[in-house]
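Asks: Right, I'll just put the structure down here and ask away after.
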Amino acid sequence: MFPAPPDHSRRNSPALSPDEAAHAARVLAYLGRTIGEEGGWISFADYMSAVLYAPGLGYYAAGTHKLGAGGDFVTAPELSPLFGKALAAQLEQALAALERAEVIELGPGSGRLCADVLSALAERDALPDRYWLLEVSPDLRERQRAHLNAAVPEHLPRVGWIDVLPDRWSGAVLANEVLDAVPVHLVVRQPGEWLERGVTVDAAGALAFADRVLASPALRERARARFPDAPDYLSEINPSAEALVSSLAQRCERGLMLLLDYGFPAAEYYHPQRDRGTLMAHYRHTTLSDPFFLPGLADLTAHVDFSAMARAGAAAGMGVAGFVAQGQFLLNCGILEALARCGDPQSSGYLRAASAVQRLTSPAEMGELFKVLALTRGIDPGLVGFRRGDRSHRL
Ligand SMILES: C[S@@+](CC[C@H](N)C(=O)[O-])C[C@H]1O[C@@H](n2cnc3c(N)ncnc32)[C@H](O)[C@@H]1O
């Protein structure tokens, strides 16, 4: 999701269609009821979980999730098929080492990445036995099926949908901009005490932050280990994202997990100057700092602490095979060579592709903020996508 200018406050409410206004009212009523039933306070993770995933209401669970140019944000696969083509170079190398290879894609969005990867793997004669899409939203499953049917009908028999992780997997797991959508806890360090920032309803009936003493020993232990010794320091802790990586790693027989997202190693994430955390809302291509802006109609995300993800994988037996900035990863995977095969450099198609490659790789755009973490078990760690610019030592 990029770029991120200007910040709107809650007061600049946009014009909503009657359906959107009715949906927003239903989500607010649900939040009010839930907070009331929980004694007037819920953790921020519970709030984020409700506004993104509550059945029939959440951003990703009610058909309000809008990807692409006409939606709320654009992800890398929506920018250009060259992103999937580059990823396919890495997948081909990893899958070649395995007799039985499947790909599992988490949170597959519009289905574009799946279609682009399958086309590119077919060109390389390196198709996996199966390509599983882990998608819980029925609405998104239908969108994915429609896109695959239109774009790569010949590969559809290879594609299957699942709604829970398989017991065992061997092959590759792909997660592009998934970990940033996993609900985070907000923790505040104050002199002599740790607080958890949650959500309440204020006297005027509006959603508001409220702090409580941090009750969870697991969160306190993580915050103690990561936060700098600075007063009024606020940041996120994401045990659910760690648990997701850990479950995937535990279930891996042999293979590669590729995690692509915006984020940092812990030393940068929990830098003393980053004392307001990384939480953001996305609505119609605007980034907002107010997480109470149109709950259910806006996306909510936090950056990823890649050190925590690497540790979660390592604790479950998967080693770090590489950690690079996205721009470098795509260059290592041959995105410029793929661009050079896009036809006449004067043609509009080529110019569109070149502009997307610039956006995906430039350090000023998605090339540096976005990172790629590779975790492997039982395969050669000399991965093509990480041959230059590896920063694993910073994790
Ligand atoms: C920002 S969208 C990314 C979509 C797509 N990967 C792309 O790059 O265009 C985040 C997706 O992650 C999914 N997601 C969040 N938590 C998940 C989990 N625990 N398992 C699988 N998918 C998850 C959400 O449902 C949503 O579809």
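Labels used: A, B, ... for chains in the order of the structure tokens, numbers from 1 for residues in each chain, and numbers from 1 for ligands as shown.
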Excluding Tyr269 of chain A and its own-chain neighbours fewer than 2 positions away, which residues fall within 12 Å of it when counting only C-alpha atoms? Please give them as a CSV table (one decimal) with N, CA, C and O atoms, in the first residue's frame.
Replies:
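out-v3.csv was written with the following content:
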```csv
chain,number,residue,atom,x,y,z
A,226,ARG,N,11.6,-5.3,23.9
A,226,ARG,CA,11.8,-4.6,22.7
A,226,ARG,C,11.7,-3.1,22.9
A,226,ARG,O,12.4,-2.4,22.1
A,227,PHE,N,11.0,-2.6,23.8
A,227,PHE,CA,10.8,-1.1,23.8
A,227,PHE,C,12.0,-0.4,24.4
A,227,PHE,O,12.7,-0.9,25.3
A,228,PRO,N,12.4,0.8,23.8
A,228,PRO,CA,13.5,1.5,24.4
A,228,PRO,C,13.0,2.1,25.8
A,228,PRO,O,11.8,2.2,26.0
A,234,LEU,N,4.9,4.6,22.8
A,234,LEU,CA,3.7,3.8,22.4
A,234,LEU,C,4.2,3.0,21.1
A,234,LEU,O,4.8,3.6,20.2
A,235,SER,N,3.9,1.7,21.1
A,235,SER,CA,4.1,1.0,19.9
A,235,SER,C,3.2,-0.3,19.9
A,235,SER,O,2.4,-0.4,20.8
A,236,GLU,N,3.3,-1.0,18.8
A,236,GLU,CA,2.5,-2.2,18.7
A,236,GLU,C,3.3,-3.5,19.0
A,236,GLU,O,4.5,-3.5,18.9
A,237,ILE,N,2.5,-4.5,19.5
A,237,ILE,CA,3.1,-5.8,19.7
A,237,ILE,C,2.1,-6.8,19.0
A,237,ILE,O,0.9,-6.6,19.1
A,262,TYR,N,5.5,-4.3,4.5
A,262,TYR,CA,6.3,-3.2,4.9
A,262,TYR,C,6.6,-3.3,6.4
A,262,TYR,O,5.8,-3.8,7.2
A,263,GLY,N,7.8,-3.0,6.8
A,263,GLY,CA,8.2,-3.1,8.1
A,263,GLY,C,9.7,-3.0,8.3
A,263,GLY,O,10.5,-2.7,7.3
A,264,PHE,N,10.2,-3.4,9.5
A,264,PHE,CA,11.6,-3.2,9.8
A,264,PHE,C,12.1,-4.3,10.7
A,264,PHE,O,11.3,-5.0,11.4
A,265,PRO,N,13.4,-4.4,10.9
A,265,PRO,CA,13.9,-5.2,12.0
A,265,PRO,C,13.6,-4.5,13.3
A,265,PRO,O,13.3,-3.3,13.3
A,266,ALA,N,13.7,-5.3,14.4
A,266,ALA,CA,13.2,-4.7,15.7
A,266,ALA,C,13.9,-3.4,16.1
A,266,ALA,O,13.3,-2.5,16.6
A,267,ALA,N,15.3,-3.3,15.8
A,267,ALA,CA,16.0,-2.1,16.3
A,267,ALA,C,15.4,-0.9,15.6
A,267,ALA,O,15.5,0.2,16.2
A,271,HIS,N,12.6,1.9,17.5
A,271,HIS,CA,13.6,3.0,17.6
A,271,HIS,C,13.0,4.1,18.6
A,271,HIS,O,11.8,4.4,18.6
A,272,PRO,N,13.8,4.7,19.5
A,272,PRO,CA,13.3,5.7,20.4
A,272,PRO,C,12.5,6.8,19.7
A,272,PRO,O,11.5,7.3,20.3
A,273,GLN,N,12.9,7.1,18.5
A,273,GLN,CA,12.1,8.2,17.8
A,273,GLN,C,10.8,7.8,17.2
A,273,GLN,O,9.9,8.6,16.9
A,274,ARG,N,10.6,6.5,17.1
A,274,ARG,CA,9.3,6.0,16.5
A,274,ARG,C,8.4,5.8,17.7
A,274,ARG,O,8.0,4.6,18.0
A,275,ASP,N,8.1,6.8,18.4
A,275,ASP,CA,7.4,6.7,19.7
A,275,ASP,C,5.9,6.7,19.6
A,275,ASP,O,5.2,6.8,20.6
A,276,ARG,N,5.3,6.8,18.4
A,276,ARG,CA,3.9,6.7,18.2
A,276,ARG,C,3.4,5.5,17.5
A,276,ARG,O,2.3,5.4,17.0
A,277,GLY,N,4.3,4.5,17.3
A,277,GLY,CA,4.0,3.3,16.6
A,277,GLY,C,3.8,3.5,15.1
A,277,GLY,O,4.3,4.5,14.5
A,278,THR,N,3.2,2.5,14.4
A,278,THR,CA,3.1,2.5,13.0
A,278,THR,C,1.7,2.3,12.4
A,278,THR,O,1.5,2.1,11.3
A,279,LEU,N,0.7,2.4,13.3
A,279,LEU,CA,-0.7,2.2,12.9
A,279,LEU,C,-1.2,3.1,11.9
A,279,LEU,O,-0.9,4.3,12.0
A,302,ALA,N,-0.6,-2.2,10.5
A,302,ALA,CA,0.6,-1.8,11.3
A,302,ALA,C,1.8,-2.4,10.5
A,302,ALA,O,1.6,-3.5,9.9
A,303,HIS,N,2.9,-1.8,10.6
A,303,HIS,CA,4.1,-2.4,10.0
A,303,HIS,C,4.5,-3.7,10.7
A,303,HIS,O,4.0,-4.0,11.8
A,304,VAL,N,5.4,-4.4,10.1
A,304,VAL,CA,5.7,-5.7,10.6
A,304,VAL,C,7.1,-5.7,11.2
A,304,VAL,O,8.1,-5.1,10.7
A,305,ASP,N,7.2,-6.3,12.4
A,305,ASP,CA,8.5,-6.4,13.1
A,305,ASP,C,9.1,-7.7,12.6
A,305,ASP,O,8.8,-8.8,13.1
A,306,PHE,N,10.0,-7.6,11.6
A,306,PHE,CA,10.5,-8.8,11.0
A,306,PHE,C,11.4,-9.6,11.9
A,306,PHE,O,11.6,-10.8,11.7
A,307,SER,N,12.0,-9.0,12.9
A,307,SER,CA,12.8,-9.8,13.8
A,307,SER,C,11.9,-10.7,14.6
A,307,SER,O,12.3,-11.9,14.8
A,308,ALA,N,10.8,-10.3,15.0
A,308,ALA,CA,9.8,-11.2,15.7
A,308,ALA,C,9.4,-12.3,14.8
A,308,ALA,O,9.2,-13.4,15.3
A,369,LEU,N,10.9,0.5,1.9
A,369,LEU,CA,10.1,0.3,3.1
A,369,LEU,C,9.6,-1.2,3.1
A,369,LEU,O,9.5,-1.8,4.2
A,394,ARG,N,20.8,-8.0,10.4
A,394,ARG,CA,20.1,-6.9,11.1
A,394,ARG,C,18.9,-7.4,11.9
A,394,ARG,O,18.3,-6.6,12.6
A,395,LEU,N,18.5,-8.6,11.7
A,395,LEU,CA,17.3,-9.1,12.3
A,395,LEU,C,17.4,-9.3,13.8
A,395,LEU,O,18.5,-9.6,14.3
```
Asks: Mind listing the residues within 6 Å of ligand 1, only C-alpha atoms and all ligand atoms counted, as a PyMOL selection string?
Replies: chain A and resi 60+75+77+106-109+134+176-178+181-182
Asks: Write the residues of the selection above to a file with N, CA, C and O atoms, as a PDB file, in the first residue's frame.
Replies:
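Produced file selection_32.pdb, reproduced below:
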```pdb
ATOM      1  N   TYR A  60     -12.630  -6.798   5.694  1.00  0.00           N
ATOM      2  CA  TYR A  60     -12.299  -7.940   4.838  1.00  0.00           C
ATOM      3  C   TYR A  60     -13.375  -9.016   4.859  1.00  0.00           C
ATOM      4  O   TYR A  60     -13.210 -10.079   4.258  1.00  0.00           O
ATOM      5  N   THR A  75      -1.803  -2.733  -3.969  1.00  0.00           N
ATOM      6  CA  THR A  75      -0.702  -3.585  -3.525  1.00  0.00           C
ATOM      7  C   THR A  75       0.171  -3.938  -4.735  1.00  0.00           C
ATOM      8  O   THR A  75      -0.241  -3.723  -5.887  1.00  0.00           O
ATOM      9  N   PRO A  77       0.984  -6.712  -6.400  1.00  0.00           N
ATOM     10  CA  PRO A  77       0.460  -7.492  -7.536  1.00  0.00           C
ATOM     11  C   PRO A  77      -0.534  -6.711  -8.380  1.00  0.00           C
ATOM     12  O   PRO A  77      -0.716  -7.008  -9.563  1.00  0.00           O
ATOM     13  N   LEU A 106      -1.405 -17.011   1.272  1.00  0.00           N
ATOM     14  CA  LEU A 106      -2.290 -16.480   2.314  1.00  0.00           C
ATOM     15  C   LEU A 106      -2.880 -15.154   1.845  1.00  0.00           C
ATOM     16  O   LEU A 106      -2.197 -14.356   1.204  1.00  0.00           O
ATOM     17  N   GLY A 107      -4.115 -14.893   2.188  1.00  0.00           N
ATOM     18  CA  GLY A 107      -4.751 -13.599   1.890  1.00  0.00           C
ATOM     19  C   GLY A 107      -4.578 -13.180   0.451  1.00  0.00           C
ATOM     20  O   GLY A 107      -3.979 -12.139   0.172  1.00  0.00           O
ATOM     21  N   PRO A 108      -5.095 -13.953  -0.509  1.00  0.00           N
ATOM     22  CA  PRO A 108      -4.743 -13.725  -1.918  1.00  0.00           C
ATOM     23  C   PRO A 108      -5.436 -12.548  -2.608  1.00  0.00           C
ATOM     24  O   PRO A 108      -5.260 -12.371  -3.816  1.00  0.00           O
ATOM     25  N   GLY A 109      -6.190 -11.737  -1.881  1.00  0.00           N
ATOM     26  CA  GLY A 109      -6.737 -10.499  -2.457  1.00  0.00           C
ATOM     27  C   GLY A 109      -7.601 -10.756  -3.679  1.00  0.00           C
ATOM     28  O   GLY A 109      -8.548 -11.540  -3.650  1.00  0.00           O
ATOM     29  N   LEU A 134      -5.502 -19.601   0.687  1.00  0.00           N
ATOM     30  CA  LEU A 134      -6.106 -19.576   2.026  1.00  0.00           C
ATOM     31  C   LEU A 134      -6.922 -18.295   2.146  1.00  0.00           C
ATOM     32  O   LEU A 134      -6.368 -17.201   2.311  1.00  0.00           O
ATOM     33  N   ASN A 176       1.802 -11.898   0.831  1.00  0.00           N
ATOM     34  CA  ASN A 176       2.107 -10.515   0.465  1.00  0.00           C
ATOM     35  C   ASN A 176       1.120  -9.592   1.168  1.00  0.00           C
ATOM     36  O   ASN A 176      -0.094  -9.694   0.957  1.00  0.00           O
ATOM     37  N   GLU A 177       1.646  -8.718   1.990  1.00  0.00           N
ATOM     38  CA  GLU A 177       0.815  -7.762   2.751  1.00  0.00           C
ATOM     39  C   GLU A 177      -0.290  -8.467   3.532  1.00  0.00           C
ATOM     40  O   GLU A 177      -1.445  -8.044   3.517  1.00  0.00           O
ATOM     41  N   VAL A 178       0.071  -9.537   4.209  1.00  0.00           N
ATOM     42  CA  VAL A 178      -0.880 -10.248   5.068  1.00  0.00           C
ATOM     43  C   VAL A 178      -0.582  -9.939   6.536  1.00  0.00           C
ATOM     44  O   VAL A 178      -1.476  -9.593   7.312  1.00  0.00           O
ATOM     45  N   ALA A 181      -1.946  -6.951   8.249  1.00  0.00           N
ATOM     46  CA  ALA A 181      -3.395  -6.909   8.484  1.00  0.00           C
ATOM     47  C   ALA A 181      -3.791  -7.780   9.681  1.00  0.00           C
ATOM     48  O   ALA A 181      -4.975  -7.999   9.919  1.00  0.00           O
ATOM     49  N   VAL A 182      -2.794  -8.289  10.415  1.00  0.00           N
ATOM     50  CA  VAL A 182      -3.090  -9.111  11.594  1.00  0.00           C
ATOM     51  C   VAL A 182      -3.217  -8.170  12.807  1.00  0.00           C
ATOM     52  O   VAL A 182      -2.364  -7.302  13.007  1.00  0.00           O
TER      53      VAL A 182
END
```
Asks: Within 7 Å of Glu368 of chain A, counting only C-alpha atoms, which residues qualify if same-chain residues fewer than 5 places away don't, as a PDB file with all heavy atoms, in the first residue's frame?
Replies:
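Okay, out-v1.pdb is ready:
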```
ATOM      1  N   ALA A 325      15.464  -5.786   1.145  1.00  0.00           N
ATOM      2  CA  ALA A 325      14.446  -4.809   0.748  1.00  0.00           C
ATOM      3  C   ALA A 325      13.778  -5.321  -0.528  1.00  0.00           C
ATOM      4  O   ALA A 325      14.415  -5.987  -1.356  1.00  0.00           O
ATOM      5  CB  ALA A 325      15.094  -3.455   0.508  1.00  0.00           C
ATOM      6  N   GLN A 326      12.490  -4.996  -0.684  1.00  0.00           N
ATOM      7  CA  GLN A 326      11.733  -5.516  -1.838  1.00  0.00           C
ATOM      8  C   GLN A 326      12.377  -5.154  -3.178  1.00  0.00           C
ATOM      9  O   GLN A 326      12.415  -5.963  -4.104  1.00  0.00           O
ATOM     10  CB  GLN A 326      10.298  -4.989  -1.801  1.00  0.00           C
ATOM     11  CG  GLN A 326       9.497  -5.335  -3.037  1.00  0.00           C
ATOM     12  CD  GLN A 326       8.057  -4.883  -2.953  1.00  0.00           C
ATOM     13  OE1 GLN A 326       7.278  -5.458  -2.209  1.00  0.00           O
ATOM     14  NE2 GLN A 326       7.699  -3.854  -3.698  1.00  0.00           N
ATOM     15  N   GLY A 327      12.874  -3.911  -3.281  1.00  0.00           N
ATOM     16  CA  GLY A 327      13.479  -3.476  -4.548  1.00  0.00           C
ATOM     17  C   GLY A 327      14.623  -4.402  -4.936  1.00  0.00           C
ATOM     18  O   GLY A 327      14.713  -4.884  -6.078  1.00  0.00           O
ATOM     19  N   PRO A 363      13.785   3.117  -3.971  1.00  0.00           N
ATOM     20  CA  PRO A 363      13.843   3.269  -2.511  1.00  0.00           C
ATOM     21  C   PRO A 363      12.895   4.353  -2.012  1.00  0.00           C
ATOM     22  O   PRO A 363      12.445   4.327  -0.876  1.00  0.00           O
ATOM     23  CB  PRO A 363      15.299   3.662  -2.237  1.00  0.00           C
ATOM     24  CG  PRO A 363      16.043   3.278  -3.465  1.00  0.00           C
ATOM     25  CD  PRO A 363      15.082   3.315  -4.616  1.00  0.00           C
TER      26      PRO A 363
END
```
Asks: Can you work out the spacing between atom CA of Trp41 of chain A and atom CA of Pro291 of chain A in Å, to one decimal?
Replies: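 So the two atoms, atom CA of Trp41 of chain A and atom CA of Pro291 of chain A, lie 15.7 Å apart.
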Asks: Might you pull out every residue within 12 Å of segment 346-354 of chain A, with only C-alpha atoms counted and same-chain residues fewer than 4 positions away left off, and present them as a PyMOL selection string?
Replies: chain A and resi 78-83+335-342+358-362
Asks: Any chance you could export the current selection's C-alpha atoms as a JSON list (two decimals), in the first residue's frame?
Replies:
```json
[["chain", "number", "residue", "atom", "x", "y", "z"],
["A", 78, "GLU", "CA", -2.17, -4.91, -8.54],
["A", 79, "LEU", "CA", 0.55, -2.66, -9.96],
["A", 80, "SER", "CA", 2.07, -5.06, -12.45],
["A", 81, "PRO", "CA", 2.24, -8.76, -13.43],
["A", 82, "LEU", "CA", 6.02, -8.33, -13.37],
["A", 83, "PHE", "CA", 5.85, -8.60, -9.57],
["A", 335, "ILE", "CA", 12.50, -7.91, -12.86],
["A", 336, "LEU", "CA", 14.55, -5.64, -15.17],
["A", 337, "GLU", "CA", 15.19, -8.50, -17.58],
["A", 338, "ALA", "CA", 11.46, -9.29, -17.52],
["A", 339, "LEU", "CA", 10.73, -5.61, -18.23],
["A", 340, "ALA", "CA", 13.14, -5.67, -21.18],
["A", 341, "ARG", "CA", 10.98, -8.44, -22.69],
["A", 342, "CYS", "CA", 7.86, -6.22, -22.52],
["A", 358, "GLN", "CA", 10.02, 2.06, -10.85],
["A", 359, "ARG", "CA", 7.34, 2.19, -8.16],
["A", 360, "LEU", "CA", 8.03, -1.36, -6.95],
["A", 361, "THR", "CA", 11.81, -0.99, -6.77],
["A", 362, "SER", "CA", 12.61, 2.68, -6.08]]
```
Asks: So, with only C-alpha atoms as the atoms that count, which of A:Val372, A:Ala151, A:Ile104, A:Ala316 lies closest to Arg251 of chain A?
Replies: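 Smallest separation from Arg251 of chain A among the options: A:Ala316.
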